[in-house]
Amino acid sequence: MKFMSNRCVIERIQPEHYMDIQGLYTNESVREYLGGIPQKNYIEASFRGMLEAPFPNTYFYISLKKTGEFIGLVSIDEYHEHEVYELSYQFLPEYWGRGLAFEVLTQVVEEGLTYLNISSIVAETQTANRASCRLLEKLGMKKVQVLERFGREQAVYEFFNDEKLVAKIQC
């Protein structure tokens, strides 16, 4: 599966993407709200899990159209309770604040809900990660729960397939 947004290429993760993903997982700024930098064996196991994930769990490698530079990772994966699917994302800090995450996530949500044939999608982020909360709200997701997980307060957002993406209206 491969598709495009205005400025990015969104493709299923491949074995040759390992070094970029390792760089993402070892970036302190990226991992600030994700439990810190994991051990190398965790990164390797996590990457293998991404490659071997059963459908409809999908992991996307994000790169810029113009240069091919890697900018981030986006996934649609089983949520903790395995009853719904979760949108997750990590982007390198040098690409923050440019609207790229919004652009890519808009496309991934639209493609994911249709192609993966799922009725809703959730996203969970630490409430302290205000930028991520704003991004999810800008996408049109609604905060449905606040809970404590991993020793931190988390906000759970949800988007249903029958809702219009705010992103489509704004573009």
# chains A, B, ... in the order shown; residues from 1 in each chain; ligands from 1

call {"tool": "select_by_dssp", "arguments": {"residues": "region 25-92 of chain A", "states": "strand (DSSP E)", "output": "list in words"}}
result
Thr58, Tyr59, Phe60, Tyr61, Ile62, Ser63, Leu64, Phe70, Ile71, Gly72, Leu73, Val74, Ser75, Ile76, Asp77, Glu78, Tyr85, Glu86, Leu87, Ser88, Tyr89, Gln90 and Phe91 of chain A

call {"tool": "select_by_dssp", "arguments": {"residues": "region 3-158 of chain A", "states": "alpha helix (DSSP H)", "output": "VMD selection string"}}
result
chain A and resid 18 to 25 28 to 31 40 to 52 100 to 115 130 to 138

call {"tool": "residues_around", "arguments": {"residues": "Glu137 (chain A)", "least_positions_apart": "2", "cutoff": "12 Å", "atoms": "only C-alpha atoms", "output": "count of residues only"}}
result
27

call {"tool": "residues_around", "arguments": {"residues": "Arg12 (chain A)", "least_positions_apart": "2", "cutoff": "7 Å", "atoms": "only C-alpha atoms", "output": "list in words"}}
result
Met1, Lys2, Gln14, Tyr59, Phe60 and Tyr61 of chain A

call {"tool": "write_last_selection", "arguments": {"atoms": "all heavy atoms", "output": "mmCIF file, in the first residue's frame"}}
result
data_model
loop_
_atom_site.group_PDB
_atom_site.id
_atom_site.type_symbol
_atom_site.label_atom_id
_atom_site.label_comp_id
_atom_site.auth_asym_id
_atom_site.auth_seq_id
_atom_site.Cartn_x
_atom_site.Cartn_y
_atom_site.Cartn_z
ATOM 1 N N MET A 1 0.853 -1.181 0.000
ATOM 2 C CA MET A 1 0.000 0.000 0.000
ATOM 3 C C MET A 1 0.889 1.231 0.000
ATOM 4 O O MET A 1 1.767 1.372 0.834
ATOM 5 C CB MET A 1 -0.898 -0.035 1.240
ATOM 6 C CG MET A 1 -1.819 1.120 1.388
ATOM 7 S SD MET A 1 -2.893 0.907 2.832
ATOM 8 C CE MET A 1 -4.117 2.078 2.457
ATOM 9 N N LYS A 2 0.644 2.099 -0.963
ATOM 10 C CA LYS A 2 1.407 3.333 -1.081
ATOM 11 C C LYS A 2 0.467 4.401 -1.627
ATOM 12 O O LYS A 2 -0.262 4.143 -2.577
ATOM 13 C CB LYS A 2 2.588 3.115 -2.025
ATOM 14 C CG LYS A 2 3.493 4.293 -2.198
ATOM 15 C CD LYS A 2 4.664 3.889 -3.083
ATOM 16 C CE LYS A 2 5.673 4.998 -3.205
ATOM 17 N NZ LYS A 2 6.843 4.564 -3.988
ATOM 18 N N GLN A 14 9.041 -1.125 5.164
ATOM 19 C CA GLN A 14 9.829 -2.180 4.525
ATOM 20 C C GLN A 14 11.105 -2.429 5.340
ATOM 21 O O GLN A 14 11.546 -1.542 6.082
ATOM 22 C CB GLN A 14 10.215 -1.757 3.097
ATOM 23 C CG GLN A 14 9.040 -1.489 2.182
ATOM 24 C CD GLN A 14 8.196 -2.728 1.941
ATOM 25 O OE1 GLN A 14 8.715 -3.815 1.729
ATOM 26 N NE2 GLN A 14 6.875 -2.562 1.991
ATOM 27 N N TYR A 59 1.605 -0.113 9.218
ATOM 28 C CA TYR A 59 2.638 0.843 9.614
ATOM 29 C C TYR A 59 3.147 1.553 8.368
ATOM 30 O O TYR A 59 3.528 0.907 7.397
ATOM 31 C CB TYR A 59 3.781 0.122 10.335
ATOM 32 C CG TYR A 59 3.305 -0.469 11.629
ATOM 33 C CD1 TYR A 59 2.660 -1.702 11.657
ATOM 34 C CD2 TYR A 59 3.438 0.225 12.816
ATOM 35 C CE1 TYR A 59 2.175 -2.237 12.844
ATOM 36 C CE2 TYR A 59 2.957 -0.300 14.004
ATOM 37 C CZ TYR A 59 2.325 -1.527 14.015
ATOM 38 O OH TYR A 59 1.840 -2.040 15.177
ATOM 39 N N PHE A 60 3.162 2.886 8.423
ATOM 40 C CA PHE A 60 3.518 3.691 7.268
ATOM 41 C C PHE A 60 4.808 4.476 7.495
ATOM 42 O O PHE A 60 4.963 5.164 8.502
ATOM 43 C CB PHE A 60 2.406 4.698 6.955
ATOM 44 C CG PHE A 60 1.109 4.061 6.569
ATOM 45 C CD1 PHE A 60 0.032 4.088 7.434
ATOM 46 C CD2 PHE A 60 0.955 3.439 5.337
ATOM 47 C CE1 PHE A 60 -1.178 3.514 7.086
ATOM 48 C CE2 PHE A 60 -0.249 2.864 4.973
ATOM 49 C CZ PHE A 60 -1.319 2.898 5.851
ATOM 50 N N TYR A 61 5.675 4.382 6.541
ATOM 51 C CA TYR A 61 6.925 5.131 6.462
ATOM 52 C C TYR A 61 6.597 6.408 5.696
ATOM 53 O O TYR A 61 6.054 6.351 4.594
ATOM 54 C CB TYR A 61 7.947 4.276 5.708
ATOM 55 C CG TYR A 61 9.301 4.881 5.494
ATOM 56 C CD1 TYR A 61 10.319 4.677 6.426
ATOM 57 C CD2 TYR A 61 9.601 5.597 4.335
ATOM 58 C CE1 TYR A 61 11.596 5.175 6.203
ATOM 59 C CE2 TYR A 61 10.869 6.110 4.119
ATOM 60 C CZ TYR A 61 11.861 5.894 5.058
ATOM 61 O OH TYR A 61 13.128 6.389 4.847
#

call {"tool": "closest_atom_pairs", "arguments": {"of": "region 63-134 of chain A", "to": "region 18-32 of chain A", "cutoff": "8 Å", "atoms": "only C-alpha atoms", "output": "JSON lines"}}
result
{"residue": "A:Phe70", "atom": "CA", "partner": "A:Asp20", "partner_atom": "CA", "distance": 6.9}
{"residue": "A:Gly72", "atom": "CA", "partner": "A:Leu24", "partner_atom": "CA", "distance": 7.3}
{"residue": "A:Leu73", "atom": "CA", "partner": "A:Ile21", "partner_atom": "CA", "distance": 7.5}
{"residue": "A:Gln90", "atom": "CA", "partner": "A:Val30", "partner_atom": "CA", "distance": 6.6}
{"residue": "A:Phe91", "atom": "CA", "partner": "A:Val30", "partner_atom": "CA", "distance": 6.9}
{"residue": "A:Leu92", "atom": "CA", "partner": "A:Val30", "partner_atom": "CA", "distance": 6.4}
{"residue": "A:Pro93", "atom": "CA", "partner": "A:Val30", "partner_atom": "CA", "distance": 6.7}

call {"tool": "residues_around", "arguments": {"residues": "Phe160 (chain A)", "least_positions_apart": "5", "cutoff": "7 Å", "atoms": "only C-alpha atoms", "output": "number ranges by chain"}}
result
A: 119-121

call {"tool": "closest_residue", "arguments": {"among": "A:Arg48, A:Arg98, A:Arg149, A:Arg7", "to": "Glu69 (chain A)", "atoms": "only C-alpha atoms"}}
result
A:Arg7

call {"tool": "closest_residue", "arguments": {"among": "A:Gln145, A:Lys138, A:Pro15, A:Leu113", "to": "Asn161 (chain A)", "atoms": "only C-alpha atoms"}}
result
A:Leu113

call {"tool": "closest_residue", "arguments": {"among": "A:Ile118, A:Ala45, A:Ala101, A:Ile10", "to": "Glu83 (chain A)", "atoms": "only C-alpha atoms"}}
result
A:Ile118
